[in-house]
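> My structure file start37.cif, mmCIF, C-alpha atoms, pLDDT in the B column; chains and numbers go by the auth columns, is below:
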```
data_my_file
#
loop_
_atom_site.group_PDB
_atom_site.id
_atom_site.type_symbol
_atom_site.label_atom_id
_atom_site.label_comp_id
_atom_site.label_asym_id
_atom_site.label_seq_id
_atom_site.Cartn_x
_atom_site.Cartn_y
_atom_site.Cartn_z
_atom_site.B_iso_or_equiv
_atom_site.auth_seq_id
_atom_site.auth_asym_id
ATOM 1 C CA MET A 1 -44.691 9.395 17.285 74.00 122 A
ATOM 2 C CA THR A 2 -44.976 5.705 18.034 83.00 123 A
ATOM 3 C CA ARG A 3 -42.127 3.558 19.309 79.00 124 A
ATOM 4 C CA GLN A 4 -41.955 1.846 15.915 76.00 125 A
ATOM 5 C CA GLY A 5 -41.909 5.230 14.155 68.00 126 A
ATOM 6 C CA ARG A 6 -39.030 6.463 16.333 75.00 127 A
ATOM 7 C CA ALA A 7 -37.064 3.271 15.660 65.00 128 A
ATOM 8 C CA LEU A 8 -37.528 3.708 11.904 63.00 129 A
ATOM 9 C CA ALA A 9 -36.496 7.375 12.147 66.00 130 A
ATOM 10 C CA ILE A 10 -33.320 6.439 14.033 76.00 131 A
ATOM 11 C CA ILE A 11 -32.475 3.691 11.542 80.00 132 A
ATOM 12 C CA GLY A 12 -33.122 6.076 8.638 64.00 133 A
ATOM 13 C CA ALA A 13 -30.961 8.808 10.189 59.00 134 A
ATOM 14 C CA GLY A 14 -28.172 6.263 10.752 57.00 135 A
ATOM 15 C CA ALA A 15 -28.358 5.115 7.133 56.00 136 A
ATOM 16 C CA VAL A 16 -28.194 8.717 5.896 56.00 137 A
ATOM 17 C CA LEU A 17 -25.210 9.413 8.175 48.00 138 A
ATOM 18 C CA LEU A 18 -23.330 6.309 6.992 49.00 139 A
ATOM 19 C CA GLY A 19 -24.093 7.085 3.357 52.00 140 A
ATOM 20 C CA SER A 20 -22.909 10.675 3.798 48.00 141 A
ATOM 21 C CA MET A 21 -19.697 9.514 5.444 51.00 142 A
ATOM 22 C CA ALA A 22 -19.008 7.024 2.637 48.00 143 A
ATOM 23 C CA ALA A 23 -19.574 9.709 -0.004 49.00 144 A
ATOM 24 C CA ALA A 24 -17.336 12.175 1.843 50.00 145 A
ATOM 25 C CA PHE A 25 -14.604 9.563 2.069 54.00 146 A
ATOM 26 C CA ALA A 26 -14.811 8.724 -1.626 53.00 147 A
ATOM 27 C CA TRP A 27 -14.870 12.358 -2.773 55.00 148 A
ATOM 28 C CA GLY A 28 -12.212 13.463 -0.298 68.00 149 A
ATOM 29 C CA GLY A 29 -9.748 10.761 -1.317 88.00 150 A
ATOM 30 C CA TYR A 30 -9.942 9.032 2.054 91.00 151 A
ATOM 31 C CA ARG A 31 -9.096 5.386 2.511 90.00 152 A
ATOM 32 C CA VAL A 32 -9.046 2.954 5.418 90.00 153 A
ATOM 33 C CA ASN A 33 -5.879 0.921 5.860 90.00 154 A
ATOM 34 C CA PHE A 34 -6.265 -2.493 7.487 88.00 155 A
ATOM 35 C CA THR A 35 -2.853 -3.875 6.455 88.00 156 A
ATOM 36 C CA PRO A 36 0.135 -4.008 8.839 89.00 157 A
ATOM 37 C CA SER A 37 2.582 -2.308 6.439 90.00 158 A
ATOM 38 C CA TYR A 38 1.586 1.085 7.853 94.00 159 A
ATOM 39 C CA PRO A 39 -0.591 2.098 10.813 94.00 160 A
ATOM 40 C CA VAL A 40 -4.189 0.913 10.700 93.00 161 A
ATOM 41 C CA GLY A 41 -6.710 3.707 10.334 93.00 162 A
ATOM 42 C CA PHE A 42 -7.851 6.529 8.104 94.00 163 A
ATOM 43 C CA TRP A 43 -5.584 7.918 5.402 96.00 164 A
ATOM 44 C CA GLN A 44 -6.020 10.531 2.687 96.00 165 A
ATOM 45 C CA ILE A 45 -4.692 10.569 -0.850 97.00 166 A
ATOM 46 C CA GLN A 46 -3.126 14.011 -1.359 97.00 167 A
ATOM 47 C CA THR A 47 -2.380 15.396 -4.786 96.00 168 A
ATOM 48 C CA LEU A 48 1.251 15.016 -5.819 97.00 169 A
ATOM 49 C CA ASP A 49 1.913 18.221 -7.756 95.00 170 A
ATOM 50 C CA ARG A 50 5.634 17.667 -8.264 97.00 171 A
ATOM 51 C CA PRO A 51 7.821 14.795 -9.431 97.00 172 A
ATOM 52 C CA VAL A 52 7.867 11.849 -7.044 98.00 173 A
ATOM 53 C CA ALA A 53 10.920 11.790 -4.763 98.00 174 A
ATOM 54 C CA VAL A 54 12.749 9.262 -2.616 98.00 175 A
ATOM 55 C CA GLY A 55 11.107 9.318 0.808 98.00 176 A
ATOM 56 C CA ASP A 56 7.593 10.031 -0.480 98.00 177 A
ATOM 57 C CA ARG A 57 4.960 7.795 1.088 98.00 178 A
ATOM 58 C CA VAL A 58 2.450 7.154 -1.684 98.00 179 A
ATOM 59 C CA PHE A 59 -0.759 5.412 -2.617 97.00 180 A
ATOM 60 C CA ILE A 60 -0.119 3.383 -5.768 97.00 181 A
ATOM 61 C CA CYS A 61 -2.111 0.934 -7.881 97.00 182 A
ATOM 62 C CA PRO A 62 0.024 -2.045 -8.900 96.00 183 A
ATOM 63 C CA PRO A 63 -0.316 -3.239 -12.506 95.00 184 A
ATOM 64 C CA SER A 64 -1.739 -6.632 -13.423 94.00 185 A
ATOM 65 C CA GLY A 65 0.751 -9.437 -13.722 94.00 186 A
ATOM 66 C CA PRO A 66 2.100 -12.571 -12.051 93.00 187 A
ATOM 67 C CA ALA A 67 3.258 -10.803 -8.851 92.00 188 A
ATOM 68 C CA VAL A 68 -0.158 -9.210 -8.274 93.00 189 A
ATOM 69 C CA ASP A 69 -1.931 -12.461 -9.180 93.00 190 A
ATOM 70 C CA LEU A 70 0.159 -14.272 -6.548 93.00 191 A
ATOM 71 C CA ALA A 71 -0.526 -11.522 -4.001 93.00 192 A
ATOM 72 C CA ARG A 72 -4.281 -11.748 -4.570 92.00 193 A
ATOM 73 C CA GLU A 73 -4.216 -15.563 -4.444 94.00 194 A
ATOM 74 C CA ARG A 74 -2.328 -15.513 -1.131 95.00 195 A
ATOM 75 C CA PHE A 75 -4.288 -12.546 0.278 92.00 196 A
ATOM 76 C CA TYR A 76 -1.193 -10.342 0.620 92.00 197 A
ATOM 77 C CA LEU A 77 -3.144 -7.527 -1.037 90.00 198 A
ATOM 78 C CA PRO A 78 -6.779 -6.723 -0.349 89.00 199 A
ATOM 79 C CA GLY A 79 -9.260 -6.519 -3.208 90.00 200 A
ATOM 80 C CA GLY A 80 -10.174 -3.077 -4.439 91.00 201 A
ATOM 81 C CA LEU A 81 -10.825 -0.721 -7.310 89.00 202 A
ATOM 82 C CA CYS A 82 -7.357 -0.562 -8.900 94.00 203 A
ATOM 83 C CA PRO A 83 -7.299 -1.943 -12.472 94.00 204 A
ATOM 84 C CA ALA A 84 -5.570 -5.135 -11.229 95.00 205 A
ATOM 85 C CA GLY A 85 -8.415 -5.713 -8.763 94.00 206 A
ATOM 86 C CA THR A 86 -6.480 -4.682 -5.650 93.00 207 A
ATOM 87 C CA ALA A 87 -6.807 -1.792 -3.260 92.00 208 A
ATOM 88 C CA PRO A 88 -4.125 0.886 -3.611 95.00 209 A
ATOM 89 C CA LEU A 89 -0.920 0.090 -1.739 96.00 210 A
ATOM 90 C CA ILE A 90 0.666 2.447 0.762 97.00 211 A
ATOM 91 C CA LYS A 91 4.437 2.289 0.298 98.00 212 A
ATOM 92 C CA THR A 92 7.491 4.529 0.573 98.00 213 A
ATOM 93 C CA VAL A 93 9.522 5.353 -2.534 98.00 214 A
ATOM 94 C CA VAL A 94 13.114 4.277 -1.844 98.00 215 A
ATOM 95 C CA ALA A 95 14.622 4.403 -5.348 98.00 216 A
ATOM 96 C CA LEU A 96 13.932 6.131 -8.649 98.00 217 A
ATOM 97 C CA ALA A 97 14.746 5.506 -12.307 98.00 218 A
ATOM 98 C CA GLY A 98 18.438 4.883 -12.924 98.00 219 A
ATOM 99 C CA GLN A 99 19.256 3.657 -9.431 98.00 220 A
ATOM 100 C CA SER A 100 20.872 0.245 -9.007 98.00 221 A
ATOM 101 C CA ILE A 101 19.107 -2.353 -6.845 98.00 222 A
ATOM 102 C CA ARG A 102 20.613 -5.594 -5.557 98.00 223 A
ATOM 103 C CA VAL A 103 18.499 -8.070 -3.619 97.00 224 A
ATOM 104 C CA GLU A 104 20.916 -10.273 -1.665 94.00 225 A
ATOM 105 C CA GLY A 105 19.275 -11.208 1.618 94.00 226 A
ATOM 106 C CA GLN A 106 18.350 -7.551 1.923 97.00 227 A
ATOM 107 C CA VAL A 107 17.875 -4.654 -0.478 98.00 228 A
ATOM 108 C CA ILE A 108 20.969 -2.697 -1.473 98.00 229 A
ATOM 109 C CA ILE A 109 20.413 0.586 -3.348 98.00 230 A
ATOM 110 C CA ASP A 110 23.442 2.095 -5.106 98.00 231 A
ATOM 111 C CA ASP A 111 25.694 -0.022 -2.839 98.00 232 A
ATOM 112 C CA VAL A 112 23.965 1.191 0.357 98.00 233 A
ATOM 113 C CA PRO A 113 21.973 -1.386 2.392 98.00 234 A
ATOM 114 C CA LEU A 114 18.351 -0.376 2.989 98.00 235 A
ATOM 115 C CA ALA A 115 17.297 -0.579 6.649 97.00 236 A
ATOM 116 C CA ALA A 116 14.552 -3.077 7.543 96.00 237 A
ATOM 117 C CA SER A 117 14.723 -4.742 4.126 97.00 238 A
ATOM 118 C CA THR A 118 15.440 -8.378 4.946 97.00 239 A
ATOM 119 C CA VAL A 119 14.261 -10.644 2.145 97.00 240 A
ATOM 120 C CA HIS A 120 12.487 -13.775 3.321 96.00 241 A
ATOM 121 C CA ALA A 121 12.549 -17.158 1.591 95.00 242 A
ATOM 122 C CA GLN A 122 9.078 -17.979 2.957 95.00 243 A
ATOM 123 C CA ASP A 123 5.973 -16.052 3.941 95.00 244 A
ATOM 124 C CA ALA A 124 4.286 -16.353 7.357 93.00 245 A
ATOM 125 C CA GLU A 125 2.426 -19.471 6.129 95.00 246 A
ATOM 126 C CA GLY A 126 5.661 -21.211 5.054 96.00 247 A
ATOM 127 C CA ARG A 127 5.026 -20.721 1.326 96.00 248 A
ATOM 128 C CA PRO A 128 8.067 -19.909 -0.832 96.00 249 A
ATOM 129 C CA MET A 129 8.753 -16.252 -1.615 95.00 250 A
ATOM 130 C CA LYS A 130 10.697 -15.332 -4.716 93.00 251 A
ATOM 131 C CA PRO A 131 12.608 -12.048 -4.482 95.00 252 A
ATOM 132 C CA TRP A 132 12.957 -9.690 -7.407 96.00 253 A
ATOM 133 C CA LYS A 133 16.147 -10.365 -9.373 96.00 254 A
ATOM 134 C CA GLY A 134 17.501 -6.813 -9.002 97.00 255 A
ATOM 135 C CA GLY A 135 18.794 -4.410 -11.623 98.00 256 A
ATOM 136 C CA ILE A 136 18.447 -0.785 -12.630 98.00 257 A
ATOM 137 C CA VAL A 137 15.092 0.878 -11.893 98.00 258 A
ATOM 138 C CA PRO A 138 13.658 1.587 -15.373 98.00 259 A
ATOM 139 C CA MET A 139 12.651 5.056 -16.537 98.00 260 A
ATOM 140 C CA GLY A 140 9.166 5.928 -15.337 98.00 261 A
ATOM 141 C CA GLU A 141 9.228 3.413 -12.466 98.00 262 A
ATOM 142 C CA VAL A 142 9.784 3.524 -8.712 98.00 263 A
ATOM 143 C CA PHE A 143 11.085 1.002 -6.169 98.00 264 A
ATOM 144 C CA LEU A 144 8.840 0.764 -3.099 98.00 265 A
ATOM 145 C CA HIS A 145 9.355 -0.401 0.462 98.00 266 A
ATOM 146 C CA SER A 146 7.732 -0.696 3.883 97.00 267 A
ATOM 147 C CA ASP A 147 9.639 -1.232 7.124 95.00 268 A
ATOM 148 C CA PHE A 148 7.104 -3.897 8.151 94.00 269 A
ATOM 149 C CA VAL A 149 8.966 -7.219 8.223 91.00 270 A
ATOM 150 C CA GLY A 150 6.245 -9.064 6.277 91.00 271 A
ATOM 151 C CA SER A 151 5.558 -6.366 3.709 94.00 272 A
ATOM 152 C CA TYR A 152 4.907 -7.449 0.138 95.00 273 A
ATOM 153 C CA ASP A 153 6.773 -4.701 -1.677 97.00 274 A
ATOM 154 C CA SER A 154 9.364 -4.192 -4.425 98.00 275 A
ATOM 155 C CA ARG A 155 11.673 -6.691 -2.716 97.00 276 A
ATOM 156 C CA TYR A 156 9.389 -9.289 -4.280 96.00 277 A
ATOM 157 C CA PHE A 157 7.532 -7.659 -7.190 95.00 278 A
ATOM 158 C CA GLY A 158 10.199 -5.219 -8.404 97.00 279 A
ATOM 159 C CA PRO A 159 9.732 -1.603 -9.460 98.00 280 A
ATOM 160 C CA LEU A 160 6.245 -0.339 -10.362 98.00 281 A
ATOM 161 C CA PRO A 161 5.202 2.263 -12.940 98.00 282 A
ATOM 162 C CA ALA A 162 5.137 5.737 -11.382 98.00 283 A
ATOM 163 C CA ALA A 163 2.022 6.354 -13.488 97.00 284 A
ATOM 164 C CA GLY A 164 0.148 4.174 -10.950 97.00 285 A
ATOM 165 C CA ILE A 165 0.792 6.678 -8.140 98.00 286 A
ATOM 166 C CA LEU A 166 -2.507 8.139 -6.984 97.00 287 A
ATOM 167 C CA GLY A 167 -0.895 10.677 -4.660 98.00 288 A
ATOM 168 C CA LEU A 168 0.874 11.089 -1.366 98.00 289 A
ATOM 169 C CA ALA A 169 -0.375 9.031 1.592 98.00 290 A
ATOM 170 C CA ARG A 170 -1.275 11.233 4.564 97.00 291 A
ATOM 171 C CA GLU A 171 -2.267 9.784 7.919 95.00 292 A
ATOM 172 C CA VAL A 172 -5.532 11.242 9.178 95.00 293 A
ATOM 173 C CA LEU A 173 -6.431 9.093 12.180 93.00 294 A
ATOM 174 C CA THR A 174 -4.316 5.983 12.727 93.00 295 A
ATOM 175 C CA PHE A 175 -3.621 3.538 15.511 91.00 296 A
ATOM 176 C CA THR A 176 -0.234 2.016 16.284 78.00 297 A
ATOM 177 C CA GLN A 177 -0.062 -1.742 16.379 59.00 298 A
#
```
I'd like the structure from this file rewritten - as structure tokens, please.

Amino acid sequence: MTRQGRALAIIGAGAVLLGSMAAAFAWGGYRVNFTPSYPVGFWQIQTLDRPVAVGDRVFICPPSGPAVDLARERFYLPGGLCPAGTAPLIKTVVALAGQSIRVEGQVIIDDVPLAASTVHAQDAEGRPMKPWKGGIVPMGEVFLHSDFVGSYDSRYFGPLPAAGILGLAREVLTFTQ
């Protein structure tokens, strides 16, 4: 085999390997997280075969609307295949339907302050942030949170429909920041 032939064989094998890995990731429910809300790395969407519960870390597609439009405009959320044009979010469920949420400098759920939930008036670029007004989590919705100080979560966009949950978020191979 000539040098050129070997080079083409190596390139072809590499292309097949990359294509196979991409297919395996798509079919296996694997995702790569590049956002700072949770560790960077490889994650898997696991089937949620029970009702969602407080404490579940989930993949969820946010619905279209002003909050998602703002997030896309400001690059808080990466583009992706969710119906609103974003990638699925990884967030932790911190409140369910019927629970009372107050947003007063931090999130307060049923009169209990939520750790690491400071609400900021501005984002890292100095642009104004508008917190969610608070209220009772509606039936069929969940209130989401990330401990990351700059997370764009329900503090700002409010509860999301539980129907958007794709499954539990399981770390496969991640790197601390």
> Using the chain letters and residue numbers of this document, give as a PyMOL selection string the residues selected by the PyMOL selection byres ((chain A and resi 235) around 12).
chain A and resi 214-216+222-234+236-240+264-268+276
> Give the centre and edge lengths of an axis-aligned box, in Å to one decimal, that holds all listed atoms of region 236-249 of chain A with 5 Å on each side, as lines of an AutoDock Vina configuration file.

```
center_x = 9.9
center_y = -10.9
center_z = 3.4
size_x = 24.9
size_y = 30.6
size_z = 18.4
```
> List the spatial neighbours of Val179 (chain A) as a list in words - criterion: any atom at most 6 Å away, only C-alpha atoms, same-chain residues fewer than 3 positions off excluded.
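Residues meeting the cut-off are Ile211, Lys212, Gly288, Leu289 and Ala290 of chain A.
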> Evaluate the PyMOL selection byres ((chain A and resi 279) around 9) against this structure - the residues, as an mmCIF file with C-alpha atoms, in the frame of the given file, please.

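And here's out.cif as it stands now:
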```
data_model
loop_
_atom_site.group_PDB
_atom_site.id
_atom_site.type_symbol
_atom_site.label_atom_id
_atom_site.label_comp_id
_atom_site.auth_asym_id
_atom_site.auth_seq_id
_atom_site.Cartn_x
_atom_site.Cartn_y
_atom_site.Cartn_z
ATOM 1 C CA ALA A 188 3.258 -10.803 -8.851
ATOM 2 C CA PRO A 252 12.608 -12.048 -4.482
ATOM 3 C CA TRP A 253 12.957 -9.690 -7.407
ATOM 4 C CA LYS A 254 16.147 -10.365 -9.373
ATOM 5 C CA GLY A 255 17.501 -6.813 -9.002
ATOM 6 C CA VAL A 258 15.092 0.878 -11.893
ATOM 7 C CA VAL A 263 9.784 3.524 -8.712
ATOM 8 C CA PHE A 264 11.085 1.002 -6.169
ATOM 9 C CA LEU A 265 8.840 0.764 -3.099
ATOM 10 C CA ASP A 274 6.773 -4.701 -1.677
ATOM 11 C CA SER A 275 9.364 -4.192 -4.425
ATOM 12 C CA ARG A 276 11.673 -6.691 -2.716
ATOM 13 C CA TYR A 277 9.389 -9.289 -4.280
ATOM 14 C CA PHE A 278 7.532 -7.659 -7.190
ATOM 15 C CA PRO A 280 9.732 -1.603 -9.460
ATOM 16 C CA LEU A 281 6.245 -0.339 -10.362
#
```
> Pick out the residues sitting within 12 Å of Phe196 (chain A), and hand them over as a list in words; count only C-alpha atoms, and ignore anything fewer than 5 positions along from it in its own chain.
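These residues fall inside the cut-off: Thr156, Ala188, Val189, Asp190, Leu191, Thr207, Ala208, Asp244, Ala245, Glu246 and Tyr273 of chain A.
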> Please, what distance in Å, to one decimal, runs between CA of Pro172 (chain A) and CA of Leu287 (chain A)?
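Between these atoms lies a distance of 12.5 Å.
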> Please compute the CA of Glu262 (chain A)-CA of Ala283 (chain A) distance, one decimal, in Å.
4.8 Å
> Could you check the closest approach to Leu294 (chain A) for each of A:Asn154, A:Thr213, A:Gln220, A:Ser185 and tell me which residue wins, using all atoms listed in the file?
A:Asn154
> In Å to one decimal, how far is CA of Arg152 (chain A) from CA of Gly176 (chain A)?
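Straight-line distance from CA of Gly176 (chain A) to CA of Arg152 (chain A) works out to 20.7 Å.
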> Show me as number ranges by chain the residues that reach within 12 Å of (-0.1, 16.0, -5.2), counting all atoms listed in the file and using the file's own coordinates.
A: 150, 165-174, 177-180, 286-291
> Take the selection from the previous step and output its residues with C-alpha atoms, as a compact mmCIF listing (two decimals), in the coordinates of the input.

```txt
# COMPACT_ATOMS: atom_id res chain seq x y z
CA GLY A 150 -9.75 10.76 -1.32
CA GLN A 165 -6.02 10.53 2.69
CA ILE A 166 -4.69 10.57 -0.85
CA GLN A 167 -3.13 14.01 -1.36
CA THR A 168 -2.38 15.40 -4.79
CA LEU A 169 1.25 15.02 -5.82
CA ASP A 170 1.91 18.22 -7.76
CA ARG A 171 5.63 17.67 -8.26
CA PRO A 172 7.82 14.80 -9.43
CA VAL A 173 7.87 11.85 -7.04
CA ALA A 174 10.92 11.79 -4.76
CA ASP A 177 7.59 10.03 -0.48
CA ARG A 178 4.96 7.80 1.09
CA VAL A 179 2.45 7.15 -1.68
CA PHE A 180 -0.76 5.41 -2.62
CA ILE A 286 0.79 6.68 -8.14
CA LEU A 287 -2.51 8.14 -6.98
CA GLY A 288 -0.90 10.68 -4.66
CA LEU A 289 0.87 11.09 -1.37
CA ALA A 290 -0.38 9.03 1.59
CA ARG A 291 -1.27 11.23 4.56
```
> Mind listing whatever residues come within 6 Å of the point (-8.0, 11.3, 5.9)? Use only C-alpha atoms, file coordinates, and give them as a list in words.
Tyr151, Phe163, Trp164, Gln165 and Val293 of chain A
> Using all atoms listed in the file, can you tell me which of A:Gly201, A:Gly285, A:Gly219, A:Gly271 comes closest to Tyr159 (chain A)?
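Result for the nearest residue to Tyr159 (chain A): A:Gly271.
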> In terms of the shortest atom-to-atom distance over only C-alpha atoms, which of A:Val270, A:Leu210, A:Gly256, A:Cys203 is closest to Val153 (chain A)?
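Residue with the minimum atom-to-atom distance to Val153 (chain A): A:Leu210.
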> Considering all atoms listed in the file, can you say which of A:Ala192, A:Ile132, A:Ala284, A:Met260 comes closest to Arg248 (chain A)?
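For Arg248 (chain A), the nearest of the given residues is A:Ala192.
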> Output as a short mmCIF file (atom, residue, chain, number, x, y, z; two decimals), keeping the file's coordinate frame: region 221-245 of chain A, completed with N, CA, C and O atoms.

```cif
data_model
loop_
_atom_site.label_atom_id
_atom_site.label_comp_id
_atom_site.auth_asym_id
_atom_site.auth_seq_id
_atom_site.Cartn_x
_atom_site.Cartn_y
_atom_site.Cartn_z
N SER A 221 20.53 1.66 -8.97
CA SER A 221 20.87 0.24 -9.01
C SER A 221 20.36 -0.45 -7.75
O SER A 221 20.61 0.01 -6.63
N ILE A 222 19.67 -1.58 -7.95
CA ILE A 222 19.11 -2.35 -6.84
C ILE A 222 19.69 -3.76 -6.88
O ILE A 222 19.67 -4.43 -7.91
N ARG A 223 20.22 -4.19 -5.74
CA ARG A 223 20.61 -5.59 -5.56
C ARG A 223 19.74 -6.16 -4.44
O ARG A 223 19.47 -5.48 -3.45
N VAL A 224 19.30 -7.40 -4.63
CA VAL A 224 18.50 -8.07 -3.62
C VAL A 224 19.28 -9.32 -3.22
O VAL A 224 19.26 -10.32 -3.93
N GLU A 225 20.00 -9.21 -2.12
CA GLU A 225 20.92 -10.27 -1.66
C GLU A 225 20.72 -10.50 -0.17
O GLU A 225 21.57 -10.17 0.64
N GLY A 226 19.57 -11.04 0.20
CA GLY A 226 19.27 -11.21 1.62
C GLY A 226 18.68 -9.95 2.22
O GLY A 226 18.01 -9.98 3.24
N GLN A 227 18.95 -8.84 1.61
CA GLN A 227 18.35 -7.55 1.92
C GLN A 227 18.47 -6.69 0.66
O GLN A 227 19.13 -7.07 -0.30
N VAL A 228 17.83 -5.55 0.67
CA VAL A 228 17.88 -4.65 -0.48
C VAL A 228 19.08 -3.73 -0.34
O VAL A 228 19.32 -3.16 0.74
N ILE A 229 19.81 -3.58 -1.43
CA ILE A 229 20.97 -2.70 -1.47
C ILE A 229 20.74 -1.74 -2.64
O ILE A 229 20.61 -2.17 -3.79
N ILE A 230 20.68 -0.45 -2.34
CA ILE A 230 20.41 0.59 -3.35
C ILE A 230 21.68 1.39 -3.56
O ILE A 230 22.20 2.01 -2.62
N ASP A 231 22.19 1.38 -4.78
CA ASP A 231 23.44 2.10 -5.11
C ASP A 231 24.52 1.78 -4.07
O ASP A 231 25.19 2.68 -3.54
N ASP A 232 24.68 0.51 -3.76
CA ASP A 232 25.69 -0.02 -2.84
C ASP A 232 25.46 0.33 -1.37
O ASP A 232 26.35 0.13 -0.54
N VAL A 233 24.28 0.86 -1.03
CA VAL A 233 23.96 1.19 0.36
C VAL A 233 22.82 0.29 0.82
O VAL A 233 21.73 0.31 0.23
N PRO A 234 23.05 -0.52 1.88
CA PRO A 234 21.97 -1.39 2.39
C PRO A 234 20.78 -0.56 2.88
O PRO A 234 20.95 0.48 3.52
N LEU A 235 19.59 -1.02 2.55
CA LEU A 235 18.35 -0.38 2.99
C LEU A 235 17.92 -0.97 4.33
O LEU A 235 17.80 -2.19 4.45
N ALA A 236 17.71 -0.12 5.32
CA ALA A 236 17.30 -0.58 6.65
C ALA A 236 15.98 -1.33 6.56
O ALA A 236 15.12 -1.01 5.72
N ALA A 237 15.80 -2.31 7.43
CA ALA A 237 14.55 -3.08 7.54
C ALA A 237 14.11 -3.67 6.21
O ALA A 237 12.94 -3.64 5.87
N SER A 238 15.06 -4.21 5.45
CA SER A 238 14.72 -4.74 4.13
C SER A 238 15.11 -6.21 3.95
O SER A 238 15.37 -6.65 2.83
N THR A 239 15.13 -6.95 5.03
CA THR A 239 15.44 -8.38 4.95
C THR A 239 14.49 -9.05 3.96
O THR A 239 13.29 -8.78 3.95
N VAL A 240 15.04 -9.90 3.12
CA VAL A 240 14.26 -10.64 2.14
C VAL A 240 14.06 -12.05 2.70
O VAL A 240 15.02 -12.71 3.10
N HIS A 241 12.82 -12.48 2.74
CA HIS A 241 12.49 -13.78 3.32
C HIS A 241 12.28 -14.84 2.24
O HIS A 241 11.70 -14.55 1.19
N ALA A 242 12.72 -16.05 2.52
CA ALA A 242 12.55 -17.16 1.59
C ALA A 242 11.14 -17.73 1.65
O ALA A 242 10.68 -18.37 0.71
N GLN A 243 10.44 -17.47 2.77
CA GLN A 243 9.08 -17.98 2.96
C GLN A 243 8.21 -16.90 3.58
O GLN A 243 8.71 -16.04 4.31
N ASP A 244 6.91 -16.97 3.30
CA ASP A 244 5.97 -16.05 3.94
C ASP A 244 5.58 -16.62 5.31
O ASP A 244 6.08 -17.67 5.73
N ALA A 245 4.70 -15.94 6.01
CA ALA A 245 4.29 -16.35 7.36
C ALA A 245 3.61 -17.72 7.38
O ALA A 245 3.58 -18.38 8.41
#
```
